[in-house]
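Here is the structure we will look at.
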Amino acid sequence: MDCGRGMFCPFCGKHMSSLTRFCFTCGRCLEFLKDVDQTETPGTSRQPDSAKQTEQPCPSYKQFMEYRSLKSKERQSFNYGPKGKFKPKERKHIQINVGLMVPHETDGTDLKPLRGKTLPLFTDPEVAAPDLLKQAVQKMRTFNKDMPEGPYVLLYPDCSEVVHVPGSERPFKLAEYKKEIGKAYSRITFFICLEKHYKRVDDTSDSDSDSEIVITTRSTAEFNQADTLVFEPQNRSTPKLKLEDEREETDITLPDIVANLSLPIDHKRVSRFNISRANVWDGAVRGFKRTTYSETCDMLVKFTDDTGVLEEGIDTGGPRREFLTLLMKHLKDRPIFDGPEGHRFLVYNANAVREDEYYLAGKMIAVSVVHGGPGPHFLSKDLVHYLAGQPSFKAPVNLITDAEIGKALQEIENATSLDALHECMMRHSTMLQTAGCLRHVATVEEKREIVSDYLQWYIIDCNSSVIDRFREGLSTLEFLTALQQHPTLLAPVLCHSEKQLTAFDLEVLFKPDLSPSGSNRRLKESQTVGYWADYLLDCEEGQAAVSVEDVLMFATGLSSLPPSGLEPPPKIQFLDNSAFPMANTCTNSLKLPLLDSYILFKSQMDFGIQNSPGFGCF
């Protein structure tokens with residue numbers, strides 16, 4: 001079997017000096033080769049000397065690799081459908097973004113992106129520049145009826161024309177550009193510009209540079225000194241334009257993005273939700289699965305009290321915000337999520353797949369954010385980065401809740417020598433082979449790559465089917481598109497934040513509605529405002545019966561500040577006829593009692609908030 005030359009792995013062709021359980025190159029099991037050796041032991045069947053002389057020599061390693069490469073190419077050239085008929089592979093279209101470039105209003109000698117005109121464009125990754133230009137112009141004209149007649153040119157973000165792949169003479173191909181720039185397709189933006197505007201700017205650039213050329217007679221020393229001078233071009237270079245793009249990005253705020261996403265909502269039509277605080281999830285599922293439900297309709301929420309009677313009142317925002325807050329709390333505890341608190345990721349659950357819960361969960365998150373509710377604030381950053389099309393993956397081992405797997409990865413991570421790493425990998429070879437991470441390692445530093453690859457498989461790759469379904473739900477109301485275009489602003493809405501709500505946040509948020517200065521009532525109101533500030537500090541420091549989040553929930557129906565901002569602005573009013581606080585979550589107004597001492601004020605605030613409808617549900 002060894003032909004006097006050692007052995008080769010039958011799967012990858014790697015030369016081995018002796019037979020082992022697994023191949024250190026491809027990780028495949030080689031145990032079956034032991035049976036072959038045993039069947040060829042001496043004494044079982046001896047061949048005559050004449051047969052040995054006519055035996056064909058064993059193929060060389062080079063011949064084996066050539067044969068393997070040939071068969072691999074042969075297999076890749078065919079793709080058969082279920083009935084054995086030839087079926088060519090369909091190339092998947094990808095999404096990029098296209099925008100408009102216009103001259104500056106000041107002097108018209110430079111170009112700038114026109115804000116609010118960027119649109120997604122689905123195209124072939126192998127598209128060339130002329131075809132991409134045609135598709136971009138057609139997309140823009142579809143959504144902008146006032147587009148002037150062309151011709152147009154296709155531009156990079158630095159205002160240079162798209163002809164070659166940057167830094168080379170190769171003709172432009174989208175896939176090659178994506179590879180060079182190192183970004184996801186969804187984060188790539190091209191611009192179209194009227195050819196006359198582009199040429200005017202280009203001509204201005206040439207005329208400016210020509211006017212600066214002065215030929216004089218100089219000495220050799222002066223000429224050499226001049227070669228060291230820094231040249232300052234008149235037109236902006238790519239880094240300067242990049243800074244302006246970053247400034248434009250910072251001009252966009254989170255409430256602006258959410259307001260733009262909420263434009264399709266028709267406030268004249270409603271989708272009804274009848275919710276019991278004792279079982280929020282059940283009522284939410286019924287409402288979202290109702291055939292008449294539409295995410296483009298406003299939400300009308302009615303809560304039932306403890307006796308099952310619908311609470312009186314019209315939903316003008318407060319009940320909706322409270323419902324979405326409670327829904328996000330219940331969502332994080334669903335079996336479709338795993339991982340530690342605040343760093344949850346999706347896992348496969350057969351029953352949830354049957355119920356299409358992954359799509360429903362993504363849809364609930366998108367609807368909550370766009371309809372003025374909170375974000376989930378519990379998803380893993382690595383999952384959110386993956387959904388946003390960002391390549392970074394830095395998950396720690398402590399995200400794994402399976403104690404046995406976590407211990408195995410910790411052992412690999414703590415290996416101090418190459419021999420210890422080999423021993424540890426062989427001890428956990430089945431686990432690593434399942435994830436495709438069992439391979440030959442030449443240095444102990446490769447342990448980090450093995451652990452990282454396993455974590456990516458555990459969190460992302462093995463759950464890709466349910467993540468894709470969750471992504472489809474997250475696409476509701478174009479939320480996923482906005483996440484991919486503005487990951488810096490929207491990712492914190494989905495991830496856990498270390499920043500806690502503070503007493504100062506609420507003190508600034510709620511503006512007191514005071515009586516005229518100098519009146520007797522104004523003195524009482526001013527004193528109560530001081531009580532209010534001290535009460536918030538006690539809540540933050542744990543010296544009150546409720547938390548700062550409970551106070552915000554009592555007044556607005558939210559336990560955290562929503563991405564959309566609070567409308568109308570929260571305010572404080574004052575009560576003469578009640579010793580307890582009152583709130584209107586629809587108008588975001590909190591009514592404080594006018595009392596004579598802080599001790600009484602604190603006691604009544606604690607009692608009033610704790611006995612409000614829904615307290616303790618969050």
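Just so we're on the same page: first chain in the structure tokens is A, next is B, and so on; residues restart at 1 for each chain, and ligands are numbered from 1 in the order they show up.
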
Please, which residues in region 316-408 of chain A fall within 12 Å of region 419-442 of chain A when counting only C-alpha atoms, and what is the closest atom pair and distance in Å to one decimal for each, ordered by chain then residue number, as JSON lines?
```
{"residue": "A:Glu404", "atom": "CA", "partner": "A:Met431", "partner_atom": "CA", "distance": 10.4}
{"residue": "A:Ile405", "atom": "CA", "partner": "A:Met431", "partner_atom": "CA", "distance": 8.1}
{"residue": "A:Gly406", "atom": "CA", "partner": "A:Met431", "partner_atom": "CA", "distance": 11.4}
{"residue": "A:Lys407", "atom": "CA", "partner": "A:His428", "partner_atom": "CA", "distance": 10.5}
{"residue": "A:Ala408", "atom": "CA", "partner": "A:His428", "partner_atom": "CA", "distance": 7.0}
```

Using only C-alpha atoms, determine which residues lie at most 8 Å from Ile188 (chain A), disregarding the query and same-chain residues fewer than 2 positions distant; provide the list as a PDB file with C-alpha atoms, in the first residue's frame.
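Result file result36.pdb:
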```pdb
ATOM      1  CA  ILE A  96     -25.323  48.786  -4.210  1.00  0.00           C
ATOM      2  CA  ASN A  97     -26.320  52.458  -3.914  1.00  0.00           C
ATOM      3  CA  LYS A 178     -15.512  45.602  -4.307  1.00  0.00           C
ATOM      4  CA  LYS A 183     -16.428  46.946   1.622  1.00  0.00           C
ATOM      5  CA  ALA A 184     -19.697  45.041   1.465  1.00  0.00           C
ATOM      6  CA  TYR A 185     -21.717  45.649  -1.708  1.00  0.00           C
ATOM      7  CA  SER A 186     -24.449  47.365   0.326  1.00  0.00           C
ATOM      8  CA  PHE A 190     -21.632  55.455  -7.076  1.00  0.00           C
TER       9      PHE A 190
END
```

**OP:** Just list the residues in region 526-586 of chain A DSSP gives strand (DSSP E or B) on the backbone, as a list in words.
**Re:**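 Checking each residue of region 526-586 of chain A, the strand (DSSP E or B) ones are Lys571, Ile572, Gln573, Phe574, Leu575, Met582, Ala583 and Asn584 of chain A.
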
Hey, which bits of region 517-564 of chain A sit within 10 Å of region 603-613 of chain A, and for each residue what's the closest pair of atoms and how far apart in Å (one decimal), counting only C-alpha atoms, rows by chain and increasing number, as JSON lines?
```
{"residue": "A:Trp532", "atom": "CA", "partner": "A:Met605", "partner_atom": "CA", "distance": 9.5}
{"residue": "A:Tyr535", "atom": "CA", "partner": "A:Met605", "partner_atom": "CA", "distance": 8.6}
{"residue": "A:Cys539", "atom": "CA", "partner": "A:Asp606", "partner_atom": "CA", "distance": 9.7}
{"residue": "A:Ala544", "atom": "CA", "partner": "A:Asp606", "partner_atom": "CA", "distance": 7.1}
{"residue": "A:Ala545", "atom": "CA", "partner": "A:Asp606", "partner_atom": "CA", "distance": 5.8}
{"residue": "A:Val546", "atom": "CA", "partner": "A:Asp606", "partner_atom": "CA", "distance": 6.5}
{"residue": "A:Ser547", "atom": "CA", "partner": "A:Asp606", "partner_atom": "CA", "distance": 9.8}
{"residue": "A:Asp550", "atom": "CA", "partner": "A:Ile609", "partner_atom": "CA", "distance": 7.7}
{"residue": "A:Val551", "atom": "CA", "partner": "A:Ile609", "partner_atom": "CA", "distance": 7.2}
{"residue": "A:Met553", "atom": "CA", "partner": "A:Ile609", "partner_atom": "CA", "distance": 9.3}
{"residue": "A:Phe554", "atom": "CA", "partner": "A:Ile609", "partner_atom": "CA", "distance": 6.4}
{"residue": "A:Ala555", "atom": "CA", "partner": "A:Ile609", "partner_atom": "CA", "distance": 9.3}
```

Report as CSV the residues of region 158-204 of chain A within 6 Å of region 126-142 of chain A, each with its shortest atom pair and distance in Å (one decimal), using only C-alpha atoms, ordered by chain and increasing residue number.
```
residue,atom,partner,partner_atom,distance
A:Phe172,CA,A:Ala128,CA,5.8
A:Lys173,CA,A:Ala128,CA,5.0
A:Leu174,CA,A:Glu126,CA,5.7
A:Ala175,CA,A:Glu126,CA,5.7
```

**OP:** Measuring atom to atom with only C-alpha atoms, identify which of A:Asp110, A:Glu341, A:Glu446, A:Glu478 is nearest to Val370 (chain A).
**Re:** A:Glu478

Counting only C-alpha atoms, what are the residues of region 289-369 of chain A within 7 Å of region 274-284 of chain A, and for each of them which pair of atoms is the nearest and at what distance in Å, to one decimal? Sort the table by chain and rising number, as JSON lines.
```
{"residue": "A:Val301", "atom": "CA", "partner": "A:Asn274", "partner_atom": "CA", "distance": 6.0}
{"residue": "A:Lys302", "atom": "CA", "partner": "A:Asn274", "partner_atom": "CA", "distance": 5.1}
{"residue": "A:Phe303", "atom": "CA", "partner": "A:Ile275", "partner_atom": "CA", "distance": 4.8}
{"residue": "A:Thr304", "atom": "CA", "partner": "A:Ser276", "partner_atom": "CA", "distance": 5.2}
{"residue": "A:Leu327", "atom": "CA", "partner": "A:Val280", "partner_atom": "CA", "distance": 6.5}
{"residue": "A:His330", "atom": "CA", "partner": "A:Trp281", "partner_atom": "CA", "distance": 6.6}
```

Just N, CA, C and O atoms for this one: save the residues we selected as a PDB file, in the first residue's frame.
```
ATOM      1  N   VAL A 301     -53.707  50.253  20.038  1.00  0.00           N
ATOM      2  CA  VAL A 301     -53.494  49.262  21.095  1.00  0.00           C
ATOM      3  C   VAL A 301     -54.458  49.521  22.235  1.00  0.00           C
ATOM      4  O   VAL A 301     -54.593  50.662  22.700  1.00  0.00           O
ATOM      5  N   LYS A 302     -55.095  48.453  22.679  1.00  0.00           N
ATOM      6  CA  LYS A 302     -55.945  48.528  23.876  1.00  0.00           C
ATOM      7  C   LYS A 302     -55.520  47.423  24.833  1.00  0.00           C
ATOM      8  O   LYS A 302     -55.388  46.266  24.447  1.00  0.00           O
ATOM      9  N   PHE A 303     -55.310  47.815  26.102  1.00  0.00           N
ATOM     10  CA  PHE A 303     -54.923  46.872  27.148  1.00  0.00           C
ATOM     11  C   PHE A 303     -56.162  46.436  27.917  1.00  0.00           C
ATOM     12  O   PHE A 303     -57.111  47.206  28.110  1.00  0.00           O
ATOM     13  N   THR A 304     -56.138  45.177  28.388  1.00  0.00           N
ATOM     14  CA  THR A 304     -57.168  44.705  29.314  1.00  0.00           C
ATOM     15  C   THR A 304     -56.623  44.800  30.721  1.00  0.00           C
ATOM     16  O   THR A 304     -55.443  44.542  30.963  1.00  0.00           O
ATOM     17  N   LEU A 327     -43.193  44.319  24.507  1.00  0.00           N
ATOM     18  CA  LEU A 327     -42.938  43.314  23.479  1.00  0.00           C
ATOM     19  C   LEU A 327     -41.435  43.049  23.323  1.00  0.00           C
ATOM     20  O   LEU A 327     -41.003  41.899  23.213  1.00  0.00           O
ATOM     21  N   HIS A 330     -40.247  40.848  26.169  1.00  0.00           N
ATOM     22  CA  HIS A 330     -40.614  39.442  26.037  1.00  0.00           C
ATOM     23  C   HIS A 330     -39.863  38.773  24.887  1.00  0.00           C
ATOM     24  O   HIS A 330     -39.593  37.567  24.938  1.00  0.00           O
TER      25      HIS A 330
END
```
